[in-house]
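Peer 1: For reference, the file my_file00.cif (mmCIF, C-alpha atoms and all ligand atoms) is included below:
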data_start
#
loop_
_atom_site.label_atom_id
_atom_site.label_comp_id
_atom_site.auth_asym_id
_atom_site.auth_seq_id
_atom_site.Cartn_x
_atom_site.Cartn_y
_atom_site.Cartn_z
CA MET A 143 35.68 108.25 89.75
CA LYS A 144 35.71 110.46 92.83
CA LYS A 145 32.89 109.89 95.34
CA LEU A 146 31.53 112.41 97.84
CA ASN A 147 29.55 111.33 100.91
CA VAL A 148 26.32 113.20 101.55
CA GLY A 149 24.63 113.58 104.93
CA ILE A 150 21.12 114.94 104.50
CA ILE A 151 19.06 116.47 107.31
CA GLY A 152 15.26 116.29 107.08
CA ALA A 153 12.98 113.56 105.75
CA GLY A 154 10.24 115.55 104.03
CA PHE A 155 9.45 117.01 100.62
CA MET A 156 12.90 118.45 99.88
CA SER A 157 14.78 115.47 101.27
CA LYS A 158 12.96 113.38 98.66
CA ALA A 159 13.70 115.87 95.85
CA HIS A 160 17.40 116.20 96.72
CA SER A 161 17.84 112.44 97.18
CA MET A 162 16.35 111.80 93.76
CA ALA A 163 18.78 114.34 92.30
CA TYR A 164 21.78 112.63 93.97
CA ALA A 165 20.74 109.33 92.39
CA ALA A 166 19.98 110.83 88.98
CA MET A 167 22.71 113.46 88.52
CA PRO A 168 25.41 111.07 87.16
CA MET A 169 22.82 109.45 84.85
CA PHE A 170 22.25 112.84 83.19
CA PHE A 171 25.63 114.55 83.58
CA TRP A 172 28.44 112.26 82.48
CA PRO A 173 31.23 112.28 83.34
CA ALA A 174 29.86 113.58 86.62
CA PRO A 175 32.15 115.87 88.65
CA ALA A 176 31.89 113.20 91.39
CA ILE A 177 29.43 110.47 92.36
CA PRO A 178 27.11 111.46 95.23
CA VAL A 179 26.98 108.72 97.86
CA ARG A 180 23.78 108.83 99.90
CA ALA A 181 25.53 108.02 103.18
CA ILE A 182 23.31 109.13 106.08
CA LEU A 183 19.92 110.76 106.68
CA ALA A 184 18.94 112.53 109.90
CA ASP A 185 15.54 113.57 111.17
CA VAL A 186 14.34 114.71 114.61
CA ASN A 187 12.19 111.62 114.60
CA GLU A 188 14.42 108.53 114.57
CA LYS A 189 11.72 106.25 113.10
CA THR A 190 10.98 108.76 110.33
CA ALA A 191 14.72 108.97 109.63
CA ALA A 192 15.05 105.17 109.35
CA GLU A 193 12.04 104.89 107.03
CA ALA A 194 13.20 107.77 104.84
CA ALA A 195 16.76 106.40 104.67
CA ALA A 196 15.39 103.09 103.36
CA ARG A 197 13.08 104.85 100.92
CA PHE A 198 15.51 107.49 99.62
CA GLY A 199 18.49 105.11 99.40
CA TYR A 200 20.75 106.11 102.33
CA GLU A 201 23.16 103.65 103.92
CA ARG A 202 22.20 104.61 107.48
CA SER A 203 20.10 107.00 109.58
CA THR A 204 20.17 108.95 112.81
CA GLY A 205 17.81 110.89 115.06
CA ASP A 206 20.42 113.60 115.69
CA TRP A 207 21.87 115.81 112.90
CA ARG A 208 25.00 116.39 115.03
CA THR A 209 26.02 112.79 114.24
CA ILE A 210 26.44 113.91 110.62
CA ILE A 211 28.51 116.96 111.55
CA ALA A 212 30.78 114.87 113.77
CA ASP A 213 31.35 112.18 111.13
CA PRO A 214 34.72 112.82 109.38
CA SER A 215 33.71 110.69 106.38
CA ILE A 216 30.91 113.11 105.40
CA ASP A 217 31.91 115.65 102.74
CA ILE A 218 28.58 117.38 102.12
CA VAL A 219 25.83 118.47 104.51
CA ASP A 220 22.44 118.94 102.85
CA ILE A 221 20.02 121.01 104.94
CA ALA A 222 16.44 120.08 104.02
CA THR A 223 14.75 121.09 107.28
CA PRO A 224 12.36 123.97 108.02
CA ASN A 225 13.93 127.42 108.20
CA ASP A 226 14.41 127.58 111.99
CA SER A 227 17.30 125.09 111.93
CA HIS A 228 19.19 126.32 108.83
CA ALA A 229 21.52 128.70 110.74
CA GLU A 230 22.46 126.36 113.57
CA ILE A 231 23.14 123.41 111.24
CA ALA A 232 24.95 125.44 108.56
CA ILE A 233 27.26 127.15 111.07
CA ALA A 234 28.14 123.81 112.70
CA ALA A 235 28.70 122.22 109.28
CA ALA A 236 30.98 125.06 108.14
CA GLN A 237 33.00 124.86 111.37
CA ALA A 238 33.45 121.13 110.69
CA GLY A 239 34.74 121.91 107.17
CA LYS A 240 31.75 120.41 105.30
CA HIS A 241 30.46 121.76 101.99
CA ILE A 242 26.83 122.87 102.35
CA LEU A 243 23.71 122.72 100.20
CA CYS A 244 20.98 124.55 102.11
CA GLU A 245 17.32 124.92 101.25
CA LYS A 246 15.81 128.35 100.81
CA PRO A 247 15.14 130.83 102.30
CA ILE A 248 18.59 131.06 103.84
CA ALA A 249 17.21 131.59 107.36
CA ARG A 250 14.46 133.22 109.41
CA THR A 251 16.25 136.56 109.78
CA THR A 252 19.01 138.59 108.17
CA GLU A 253 20.99 138.36 111.41
CA GLU A 254 20.99 134.54 111.09
CA ALA A 255 21.84 134.82 107.39
CA LEU A 256 24.83 137.05 108.15
CA ARG A 257 26.18 134.59 110.73
CA MET A 258 25.85 131.78 108.17
CA LEU A 259 27.65 133.83 105.53
CA GLU A 260 30.48 134.70 107.94
CA ALA A 261 30.84 131.02 108.93
CA VAL A 262 31.19 129.73 105.34
CA ARG A 263 33.56 132.56 104.44
CA LYS A 264 35.76 131.81 107.45
CA ALA A 265 35.76 128.05 106.74
CA GLY A 266 36.24 128.48 102.97
CA VAL A 267 33.68 125.77 102.20
CA THR A 268 31.52 125.61 99.08
CA ASN A 269 27.97 126.73 99.80
CA MET A 270 24.80 126.82 97.76
CA LEU A 271 21.23 127.91 98.35
CA ALA A 272 18.55 125.80 96.71
CA PHE A 273 16.79 128.44 94.62
CA ASN A 274 16.29 125.78 91.95
CA TYR A 275 13.76 127.55 89.69
CA ARG A 276 16.53 129.62 88.11
CA LYS A 277 17.93 126.27 86.89
CA THR A 278 14.87 125.71 84.66
CA PRO A 279 16.40 125.59 81.15
CA ALA A 280 13.92 128.19 79.82
CA ILE A 281 14.91 130.66 82.57
CA ALA A 282 18.62 130.01 82.02
CA TYR A 283 17.98 130.56 78.30
CA ALA A 284 16.23 133.88 79.08
CA LYS A 285 19.40 134.87 80.94
CA LYS A 286 21.51 133.94 77.89
CA LEU A 287 19.28 136.02 75.57
CA ILE A 288 19.52 139.01 77.91
CA GLN A 289 23.31 138.66 78.30
CA GLU A 290 23.75 138.43 74.54
CA GLY A 291 21.78 141.69 74.14
CA GLU A 292 18.88 140.09 72.22
CA ILE A 293 16.29 142.34 73.92
CA GLY A 294 18.65 145.28 74.56
CA GLN A 295 18.80 147.05 77.90
CA VAL A 296 16.16 145.61 80.27
CA ARG A 297 13.57 148.25 81.13
CA ASN A 298 10.89 146.40 83.05
CA PHE A 299 10.68 143.09 84.97
CA ARG A 300 7.27 141.86 86.10
CA ALA A 301 6.94 138.68 88.14
CA THR A 302 4.35 136.67 90.04
CA TYR A 303 4.56 133.62 92.25
CA LEU A 304 0.98 132.55 92.97
CA GLN A 305 -0.27 129.38 94.67
CA ASP A 306 -3.60 128.50 96.32
CA TRP A 307 -2.81 125.84 98.90
CA SER A 308 -3.34 128.27 101.80
CA ALA A 309 -6.47 130.04 100.47
CA ASP A 310 -8.77 127.74 102.48
CA PRO A 311 -8.95 128.92 106.14
CA ASN A 312 -9.35 125.25 107.16
CA ALA A 313 -5.96 124.32 105.74
CA PRO A 314 -3.86 123.44 108.79
CA LEU A 315 -1.31 125.57 110.61
CA SER A 316 1.79 124.34 108.81
CA TRP A 317 5.19 125.48 110.10
CA ARG A 318 5.04 127.80 107.06
CA PHE A 319 2.52 130.01 108.97
CA GLN A 320 4.63 130.32 112.14
CA LYS A 321 7.11 133.19 112.33
CA ASN A 322 9.36 131.47 114.88
CA VAL A 323 9.88 128.58 112.43
CA ALA A 324 9.46 130.15 108.98
CA GLY A 325 10.62 133.74 109.58
CA SER A 326 7.98 135.10 107.20
CA GLY A 327 5.08 133.81 105.10
CA ALA A 328 4.60 133.94 101.33
CA LEU A 329 7.46 136.45 101.20
CA GLY A 330 10.20 134.09 102.41
CA ASP A 331 8.59 130.88 101.20
CA ILE A 332 7.89 131.74 97.57
CA GLY A 333 8.61 135.47 97.09
CA THR A 334 12.32 134.74 97.60
CA HIS A 335 12.34 132.41 94.56
CA VAL A 336 11.27 135.25 92.26
CA ILE A 337 13.52 137.78 94.00
CA ASP A 338 16.35 135.34 93.22
CA ILE A 339 15.25 135.18 89.57
CA ALA A 340 14.95 138.98 89.38
CA ARG A 341 18.54 139.39 90.62
CA TYR A 342 19.71 136.62 88.26
CA LEU A 343 18.06 138.02 85.14
CA VAL A 344 18.20 141.78 85.67
CA SER A 345 20.49 143.00 88.47
CA ASP A 346 20.44 143.42 92.23
CA ILE A 347 17.51 145.36 93.70
CA ALA A 348 18.16 148.79 95.18
CA GLU A 349 14.77 149.97 96.50
CA VAL A 350 11.25 148.65 97.06
CA SER A 351 7.78 150.10 97.69
CA SER A 352 5.56 147.38 99.06
CA LEU A 353 2.26 146.17 100.49
CA VAL A 354 2.05 143.20 102.87
CA LYS A 355 -1.24 141.56 103.98
CA THR A 356 -2.36 138.72 106.23
CA TYR A 357 -5.93 137.58 105.45
CA ILE A 358 -6.36 134.47 107.62
CA GLY A 359 -5.30 135.16 111.20
CA GLU A 360 -5.69 131.68 112.68
CA ARG A 361 -5.76 128.10 111.43
CA PRO A 362 -6.51 124.62 112.78
CA VAL A 363 -3.58 123.13 114.66
CA GLN A 364 -2.04 120.15 112.87
CA SER A 365 -1.85 117.21 115.26
CA SER A 366 0.88 115.11 113.65
CA GLY A 367 2.48 113.98 110.43
CA LEU A 368 4.52 115.68 107.76
CA ASP A 369 3.57 119.09 106.44
CA ALA A 370 0.62 118.50 104.13
CA LEU A 371 0.50 121.98 102.54
CA GLY A 372 -3.22 122.50 102.81
CA THR A 373 -4.20 119.18 101.31
CA VAL A 374 -5.53 117.89 104.64
CA LYS A 375 -8.63 119.85 105.66
CA ILE A 376 -9.49 119.87 109.34
CA GLY A 377 -13.21 120.63 109.80
CA GLY A 378 -15.51 121.11 112.82
CA ALA A 379 -14.61 122.51 116.24
CA VAL A 380 -10.85 122.22 116.43
CA GLU A 381 -8.12 123.99 118.29
CA LYS A 382 -6.79 126.94 116.32
CA GLY A 383 -3.39 128.61 116.39
CA ILE A 384 -2.26 132.10 115.41
CA VAL A 385 -0.86 132.87 111.96
CA ASP A 386 1.80 135.55 112.50
CA VAL A 387 3.24 135.80 108.99
CA ASP A 388 2.17 137.44 105.74
CA ASP A 389 -0.26 135.83 103.28
CA GLU A 390 0.60 138.14 100.40
CA ILE A 391 3.17 140.70 99.32
CA THR A 392 3.20 142.97 96.34
CA THR A 393 6.08 145.30 95.62
CA LEU A 394 7.47 147.77 93.15
CA LEU A 395 11.17 147.39 92.38
CA LYS A 396 14.02 149.71 91.41
CA PHE A 397 17.02 147.73 90.16
CA ASP A 398 20.68 148.76 90.50
CA ASN A 399 20.99 148.92 86.70
CA GLY A 400 18.12 151.42 86.30
CA ALA A 401 15.39 148.93 85.32
CA ILE A 402 12.09 149.04 87.20
CA GLY A 403 9.53 146.35 87.90
CA SER A 404 7.06 144.63 90.18
CA LEU A 405 6.69 141.35 91.99
CA GLU A 406 3.79 139.60 93.73
CA ALA A 407 3.72 136.50 95.92
CA THR A 408 0.78 134.77 97.56
CA ARG A 409 -0.34 131.26 98.47
CA ASN A 410 -4.00 132.42 98.54
CA ALA A 411 -4.74 132.85 94.81
CA TRP A 412 -7.48 130.31 94.05
CA GLY A 413 -6.81 128.47 90.83
CA ARG A 414 -3.09 129.21 90.72
CA ASN A 415 -0.86 126.25 91.59
CA ASN A 416 2.78 127.03 90.96
CA PHE A 417 2.20 130.12 88.85
CA ILE A 418 5.64 131.66 88.48
CA THR A 419 5.41 134.15 85.64
CA LEU A 420 8.09 136.49 84.35
CA GLU A 421 7.70 139.19 81.74
CA ILE A 422 10.76 141.17 80.77
CA HIS A 423 10.65 144.14 78.45
CA GLY A 424 13.86 145.43 76.89
CA GLU A 425 14.72 148.17 74.42
CA THR A 426 14.47 145.75 71.48
CA GLY A 427 12.33 142.84 72.60
CA SER A 428 10.39 141.00 75.28
CA ILE A 429 10.51 137.63 77.02
CA TYR A 430 7.64 135.79 78.77
CA PHE A 431 7.80 132.66 80.93
CA ASN A 432 5.17 130.72 82.89
CA TYR A 433 6.43 127.86 85.09
CA GLU A 434 3.16 125.96 84.57
CA ARG A 435 4.36 125.71 80.92
CA ARG A 436 8.04 125.47 81.79
CA ASP A 437 9.25 123.88 78.52
CA GLU A 438 8.35 127.10 76.76
CA LEU A 439 9.92 130.53 76.47
CA GLN A 440 8.00 133.20 74.59
CA VAL A 441 10.06 135.82 72.83
CA CYS A 442 9.31 138.87 70.71
CA PHE A 443 11.97 140.90 68.88
CA SER A 444 11.53 144.43 67.55
CA ASN A 445 13.40 143.65 64.32
CA ASP A 446 10.99 140.88 63.31
CA PRO A 447 9.21 141.80 60.03
CA ALA A 448 6.16 143.98 60.72
CA ASP A 449 3.72 141.42 59.29
CA ARG A 450 4.89 138.66 61.68
CA LYS A 451 5.86 140.61 64.78
CA GLY A 452 4.58 139.12 68.05
CA PHE A 453 5.41 136.56 70.68
CA ARG A 454 6.58 133.17 69.41
CA THR A 455 7.25 130.07 71.47
CA ILE A 456 10.59 128.32 71.79
CA TYR A 457 10.44 124.80 73.33
CA THR A 458 13.57 124.10 75.33
CA GLY A 459 15.65 121.08 74.39
CA PRO A 460 19.24 120.02 73.71
CA ALA A 461 20.11 123.42 72.18
CA HIS A 462 19.42 125.23 75.45
CA PRO A 463 21.32 125.53 78.76
CA ASN A 464 21.91 122.04 80.25
CA GLY A 465 19.44 120.68 77.68
CA ALA A 466 21.93 118.33 76.06
CA ALA A 467 22.37 116.53 79.40
CA LEU A 468 18.62 116.12 79.90
CA TRP A 469 16.58 114.79 76.98
CA PRO A 470 17.33 114.27 73.24
CA ILE A 471 14.48 116.34 71.76
CA PRO A 472 12.62 119.49 72.87
CA ALA A 473 9.30 119.41 74.72
CA LEU A 474 9.62 115.92 76.19
CA GLY A 475 8.82 117.65 79.46
CA ILE A 476 11.14 119.42 81.86
CA GLY A 477 9.91 118.95 85.42
CA TYR A 478 10.69 120.12 88.92
CA SER A 479 13.09 117.16 89.36
CA GLU A 480 15.25 118.29 86.45
CA THR A 481 15.83 121.65 88.16
CA LYS A 482 17.08 119.77 91.21
CA ILE A 483 19.33 117.53 89.07
CA ILE A 484 20.93 120.60 87.44
CA GLU A 485 21.27 122.21 90.89
CA CYS A 486 23.03 119.05 92.13
CA TYR A 487 25.38 119.08 89.12
CA ASP A 488 26.27 122.77 89.65
CA PHE A 489 26.94 122.13 93.34
CA PHE A 490 29.15 119.09 92.77
CA ASP A 491 30.98 120.90 89.97
CA ALA A 492 31.68 123.81 92.34
CA VAL A 493 32.83 121.52 95.17
CA VAL A 494 35.16 119.44 92.99
CA ASN A 495 36.55 122.33 90.96
CA ASN A 496 36.66 124.78 93.87
CA LYS A 497 34.43 127.34 92.11
CA ARG A 498 31.88 129.79 93.44
CA CYS A 499 28.44 128.22 93.38
CA GLU A 500 25.42 130.29 92.36
CA PRO A 501 23.19 131.10 94.12
CA ASP A 502 25.19 130.96 97.35
CA PHE A 503 24.90 132.25 100.93
CA GLU A 504 25.92 135.73 99.79
CA ASP A 505 22.90 135.76 97.44
CA GLY A 506 20.74 134.41 100.28
CA TYR A 507 21.91 137.17 102.61
CA ARG A 508 21.12 139.89 100.01
CA ILE A 509 17.69 138.34 99.37
CA SER A 510 17.04 138.41 103.11
CA GLN A 511 17.93 142.12 103.18
CA ILE A 512 15.51 142.72 100.29
CA CYS A 513 12.76 140.89 102.23
CA ASP A 514 13.44 143.11 105.25
CA ALA A 515 13.11 146.19 103.03
CA ILE A 516 9.75 144.89 101.70
CA ILE A 517 8.44 144.55 105.28
CA THR A 518 9.84 147.96 106.27
CA SER A 519 8.36 149.67 103.23
CA ALA A 520 4.92 148.20 103.92
CA ALA A 521 5.09 149.23 107.58
CA THR A 522 6.19 152.80 106.82
CA SER A 523 4.36 153.38 103.52
CA GLN A 524 7.68 154.65 102.15
CA TRP A 525 10.21 153.43 99.60
CA ALA A 526 12.85 151.36 101.44
CA ASN A 527 16.51 150.96 100.54
CA THR A 528 17.54 147.29 100.50
CA ARG A 529 21.02 148.06 101.83
CA SER A 530 20.16 150.09 104.93
P1 LIG A 601 8.82 119.17 105.38
O1 LIG A 601 7.97 119.69 106.48
O2 LIG A 601 8.22 118.33 104.29
O3 LIG A 601 10.02 118.30 105.98
C1 LIG A 601 10.89 118.81 106.96
C2 LIG A 601 11.56 117.63 107.65
O4 LIG A 601 12.57 118.16 108.52
C3 LIG A 601 10.62 116.80 108.52
O5 LIG A 601 10.89 115.44 108.27
C4 LIG A 601 10.99 117.20 109.95
O6 LIG A 601 10.77 116.16 110.89
C5 LIG A 601 12.48 117.48 109.79
N1 LIG A 601 13.07 118.34 110.80
C6 LIG A 601 12.59 119.49 111.31
N2 LIG A 601 13.48 120.04 112.16
C7 LIG A 601 14.56 119.20 112.19
C8 LIG A 601 15.81 119.19 112.88
N3 LIG A 601 16.14 120.18 113.71
N4 LIG A 601 16.65 118.15 112.69
C9 LIG A 601 16.33 117.14 111.84
N5 LIG A 601 15.16 117.08 111.16
C10 LIG A 601 14.29 118.11 111.32
O7 LIG A 601 9.56 120.45 104.80
P2 LIG A 601 10.02 120.70 103.30
O8 LIG A 601 8.87 121.12 102.49
O9 LIG A 601 10.89 119.62 102.86
O10 LIG A 601 10.89 122.05 103.56
C11 LIG A 601 12.22 121.98 104.04
C12 LIG A 601 12.98 123.20 103.54
O11 LIG A 601 12.97 123.20 102.13
C13 LIG A 601 12.39 124.55 103.96
O12 LIG A 601 13.43 125.44 104.23
C14 LIG A 601 11.58 124.99 102.75
O13 LIG A 601 11.46 126.40 102.66
C15 LIG A 601 12.41 124.43 101.62
N6 LIG A 601 11.64 124.09 100.41
C16 LIG A 601 12.16 124.44 99.20
C17 LIG A 601 11.53 124.12 98.04
C18 LIG A 601 12.14 124.54 96.75
O14 LIG A 601 11.43 124.56 95.74
N7 LIG A 601 13.41 124.83 96.68
C19 LIG A 601 10.27 123.34 98.04
C20 LIG A 601 9.81 122.99 99.38
C21 LIG A 601 10.49 123.36 100.50
C1 LIG A 602 5.14 125.81 99.41
O1 LIG A 602 4.74 127.11 99.14
C2 LIG A 602 6.32 125.38 98.54
O2 LIG A 602 6.62 124.05 98.83
C3 LIG A 602 7.56 126.26 98.81
O3 LIG A 602 8.06 126.04 100.11
C4 LIG A 602 8.63 125.96 97.78
O4 LIG A 602 9.76 126.78 97.95
C5 LIG A 602 8.05 126.11 96.38
O5 LIG A 602 8.99 125.84 95.43
C6 LIG A 602 6.88 125.18 96.19
O6 LIG A 602 5.91 125.50 97.18
#
As structure tokens - that is how I would like this structure written.
Ligand code: NAI
Ligand code: SOE
Peer 2:
Amino acid sequence: MKKLNVGIIGAGFMSKAHSMAYAAMPMFFWPAPAIPVRAILADVNEKTAAEAAARFGYERSTGDWRTIIADPSIDIVDIATPNDSHAEIAIAAAQAGKHILCEKPIARTTEEALRMLEAVRKAGVTNMLAFNYRKTPAIAYAKKLIQEGEIGQVRNFRATYLQDWSADPNAPLSWRFQKNVAGSGALGDIGTHVIDIARYLVSDIAEVSSLVKTYIGERPVQSSGLDALGTVKIGGAVEKGIVDVDDEITTLLKFDNGAIGSLEATRNAWGRNNFITLEIHGETGSIYFNYERRDELQVCFSNDPADRKGFRTIYTGPAHPNGAALWPIPALGIGYSETKIIECYDFFDAVVNNKRCEPDFEDGYRISQICDAIITSAATSQWANTRS
């Protein structure tokens, strides 16, 4: 069977998730499009790279990502670094003819995103953005129901992405609070996941009317170590640094296909952990999803008999998208890792069979334009067009 050599950049949270998917993908999807070979891992810190390579199963490591780009044996470059390095690495990888899996959001700015898009188009390499939540079987099944007309024309889409790891002002100043690294705050970090799902399930977004807030203006500086996402509390008199990104966004949406909706994203909602909810109302039915109960899709159809009309729960399993590859009966428990395994399968399938991968850099660029419109709308108190 064909093998493809992967060079991964970054040794943190996503490096672990992607590496696990490379190991697991052929165990779930067989025959696999190709076998991922975990060839080399790079991190800015050489010692961290060596440790992570041993832990995540890579043959070798390096302290310089350019080693991966220069290596002719590497087929795939996996970008699992913070957002400030996505553009530089992706453009170099495309110029070297490598296929690219890049973490979300595509970049810090739309200008960077456009340069990345132009580079992959020019090189003709397969490219994918890691908006993995849309790979959750229940969300893919919602897409199937909508495409098959089960709820009729979509009228309203309502989404939240709520977390609470940044609600405590003593949670440290992660790179996720620094505009020069992250680009934006909750908007780019988690809002983009639900913008991706909105575009996937409904249609592209034409206009937005938005509010953007920052509640906690400074945070304790993190002295060392990997990003701990608020789990390490720094108390007492400590040096503080400026937070220059948003804590929360809320926006109304007008879709290209005439549907309307709303979307909220914050990492400051006490009690909410990874609370991605979607409610979609169509002419003839409704769909509800909550990622904290991600095996389940709730559906309601207008033609159900009057005495039993209401939401009912479908547990995803072998009968649902990618379900047959995962587990033999419903409700065994789909997790975050499964979304990454499906993402890995889709990417390898696209590379080997020379297909367009979804979501790709074009989707990432559009999502970046939508984020810009959300910021513009909040600043001007006006509706903003996502294409101007
Ligand atoms: P992290 O902070 O856990 O790890 C980042 C790693 O990249 C660190 O090991 C750091 O030393 C390394 N690094 C930073 N700059 C580098 C450079 N120029 N060259 C080589 N190594 C470098 O970050 P995490 O959480 O893994 O996030 C990485 C990316 O993944 C971000 O873009 C983030 O938005 C995205 N992400 C996506 C998730 C999803 O659900 N799809 C979940 C978490 C993060
Ligand atoms: C932190 O908000 C984070 O790790 C995001 O960066 C991811 O994209 C999200 O999936 C989980 O939470």
Peer 1: Check every protein, DNA and RNA residue against ligand LIG 601 (chain A), keep those with an atom at most 8 Å away (counting only C-alpha atoms and all ligand atoms), and present them as a PyMOL selection string.
Peer 2: chain A and resi 151-158+184-187+190-191+205-207+221-228+244-249+272-275+317-318+324+330-331+335+368-370
Peer 1: Any idea what's packed within 8 Å of segment 493-498 of chain A, counting all atoms listed in the file, ignoring anything in its chain fewer than 4 positions away? Could you give it as a PDB file with C-alpha atoms, in the coordinates of the input?
Peer 2:
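Contents of selection31.pdb, as written:
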ATOM      1  CA  PRO A 175      32.150 115.870  88.650  1.00  0.00           C
ATOM      2  CA  ALA A 176      31.890 113.200  91.390  1.00  0.00           C
ATOM      3  CA  HIS A 241      30.460 121.760 101.990  1.00  0.00           C
ATOM      4  CA  THR A 268      31.520 125.610  99.080  1.00  0.00           C
ATOM      5  CA  PHE A 489      26.940 122.130  93.340  1.00  0.00           C
ATOM      6  CA  ASP A 502      25.190 130.960  97.350  1.00  0.00           C
TER       7      ASP A 502
END
Peer 1: Any chance you could tabulate, as JSON lines, the residues of segment 307-408 of chain A at most 9 Å from segment 416-428 of chain A with each one's nearest atom pair and distance in Å to one decimal, using all atoms listed in the file, in chain and rising number order?
Peer 2:
{"residue": "A:Val336", "atom": "CA", "partner": "A:Ile418", "partner_atom": "CA", "distance": 7.7}
{"residue": "A:Ile339", "atom": "CA", "partner": "A:Leu420", "partner_atom": "CA", "distance": 9.0}
{"residue": "A:Ala340", "atom": "CA", "partner": "A:Leu420", "partner_atom": "CA", "distance": 8.9}
{"residue": "A:Val344", "atom": "CA", "partner": "A:Ile422", "partner_atom": "CA", "distance": 8.9}
{"residue": "A:Gly403", "atom": "CA", "partner": "A:Ile422", "partner_atom": "CA", "distance": 8.9}
Peer 1: Restricting the calculation to only C-alpha atoms and all ligand atoms: of A:Met167, A:Ala309, A:Leu439, A:Ala461, which residue gets closest to ligand LIG 602 (chain A)?
Peer 2: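 Residue with the minimum atom-to-atom distance to ligand LIG 602 (chain A): A:Ala309.
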Peer 1: Quick one: residues within 8 Å of Ala467 of chain A, all atoms listed in the file counted, chain neighbours fewer than 6 positions away excluded, as a CSV table (one decimal) with C-alpha atoms, in the frame of the given file?
Peer 2:
chain,number,residue,atom,x,y,z
A,170,PHE,CA,22.2,112.8,83.2
A,171,PHE,CA,25.6,114.6,83.6
A,460,PRO,CA,19.2,120.0,73.7
Peer 1: Quick one: of A:Asp388, A:Asp446, A:Glu254, A:Glu504, who's nearest to Leu271 of chain A, counting all atoms listed in the file?
Peer 2: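 Result for the nearest residue to Leu271 of chain A: A:Glu504.
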Peer 1: Pick the closest to Gln305 of chain A from A:Glu485, A:Glu193, A:Glu406, A:Glu480: which is it, counting all atoms listed in the file?
Peer 2: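 Between A:Glu485, A:Glu193, A:Glu406, A:Glu480, the residue approaching Gln305 of chain A most closely is A:Glu406.
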Peer 1: Tell me which of A:Cys513, A:Ala411, A:Ala261, A:Leu474 sits closest to ligand LIG 602 (chain A), counting all atoms listed in the file.
Peer 2: A:Ala411
Peer 1: In terms of the shortest atom-to-atom distance over all atoms listed in the file, which of A:Ala407, A:Ile210, A:Ala174, A:Ile218 is closest to ligand LIG 602 (chain A)?
Peer 2: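 Checking each of A:Ala407, A:Ile210, A:Ala174, A:Ile218 against ligand LIG 602 (chain A), counting all atoms listed in the file, the winner is A:Ala407.
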Peer 1: Can you work out the spacing between atom C1 of ligand LIG 602 (chain A) and atom CA of Leu315 of chain A in Å, to one decimal?
Peer 2: 12.9 Å
Peer 1: One number please: atom CA of Glu349 of chain A to atom CA of Glu290 of chain A, in Å, one decimal.
Peer 2: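 So the two atoms, atom CA of Glu349 of chain A and atom CA of Glu290 of chain A, lie 26.4 Å apart.
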Peer 1: Excluding segment 451-456 of chain A and its own-chain neighbours fewer than 4 positions away, which residues fall within 9 Å of it when counting all atoms listed in the file? Please give them as a PDB file with C-alpha atoms, keeping the file's coordinate frame.
Peer 2:
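Saved file out_29.pdb follows:
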ATOM      1  CA  ALA A 280      13.920 128.190  79.820  1.00  0.00           C
ATOM      2  CA  SER A 428      10.390 141.000  75.280  1.00  0.00           C
ATOM      3  CA  ILE A 429      10.510 137.630  77.020  1.00  0.00           C
ATOM      4  CA  TYR A 430       7.640 135.790  78.770  1.00  0.00           C
ATOM      5  CA  ASP A 437       9.250 123.880  78.520  1.00  0.00           C
ATOM      6  CA  GLU A 438       8.350 127.100  76.760  1.00  0.00           C
ATOM      7  CA  LEU A 439       9.920 130.530  76.470  1.00  0.00           C
ATOM      8  CA  GLN A 440       8.000 133.200  74.590  1.00  0.00           C
ATOM      9  CA  VAL A 441      10.060 135.820  72.830  1.00  0.00           C
ATOM     10  CA  CYS A 442       9.310 138.870  70.710  1.00  0.00           C
ATOM     11  CA  PHE A 443      11.970 140.900  68.880  1.00  0.00           C
ATOM     12  CA  SER A 444      11.530 144.430  67.550  1.00  0.00           C
ATOM     13  CA  ASN A 445      13.400 143.650  64.320  1.00  0.00           C
ATOM     14  CA  ASP A 446      10.990 140.880  63.310  1.00  0.00           C
ATOM     15  CA  PRO A 447       9.210 141.800  60.030  1.00  0.00           C
TER      16      PRO A 447
END
Peer 1: Could you jot down the atom CA of Asp217 of chain A to atom CA of Ala194 of chain A separation for me, Å, one decimal place?
Peer 2: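 One can read the atom CA of Asp217 of chain A to atom CA of Ala194 of chain A distance as 20.4 Å.
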Peer 1: Let me make sure I understand: among A:His462, A:Arg414, A:Arg263, A:Lys355, which one has the smallest atom-to-atom distance to ligand LIG 602 (chain A) if we use all atoms listed in the file?
Peer 2: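 Of A:His462, A:Arg414, A:Arg263, A:Lys355, the one nearest ligand LIG 602 (chain A), counting all atoms listed in the file, is A:Arg414.
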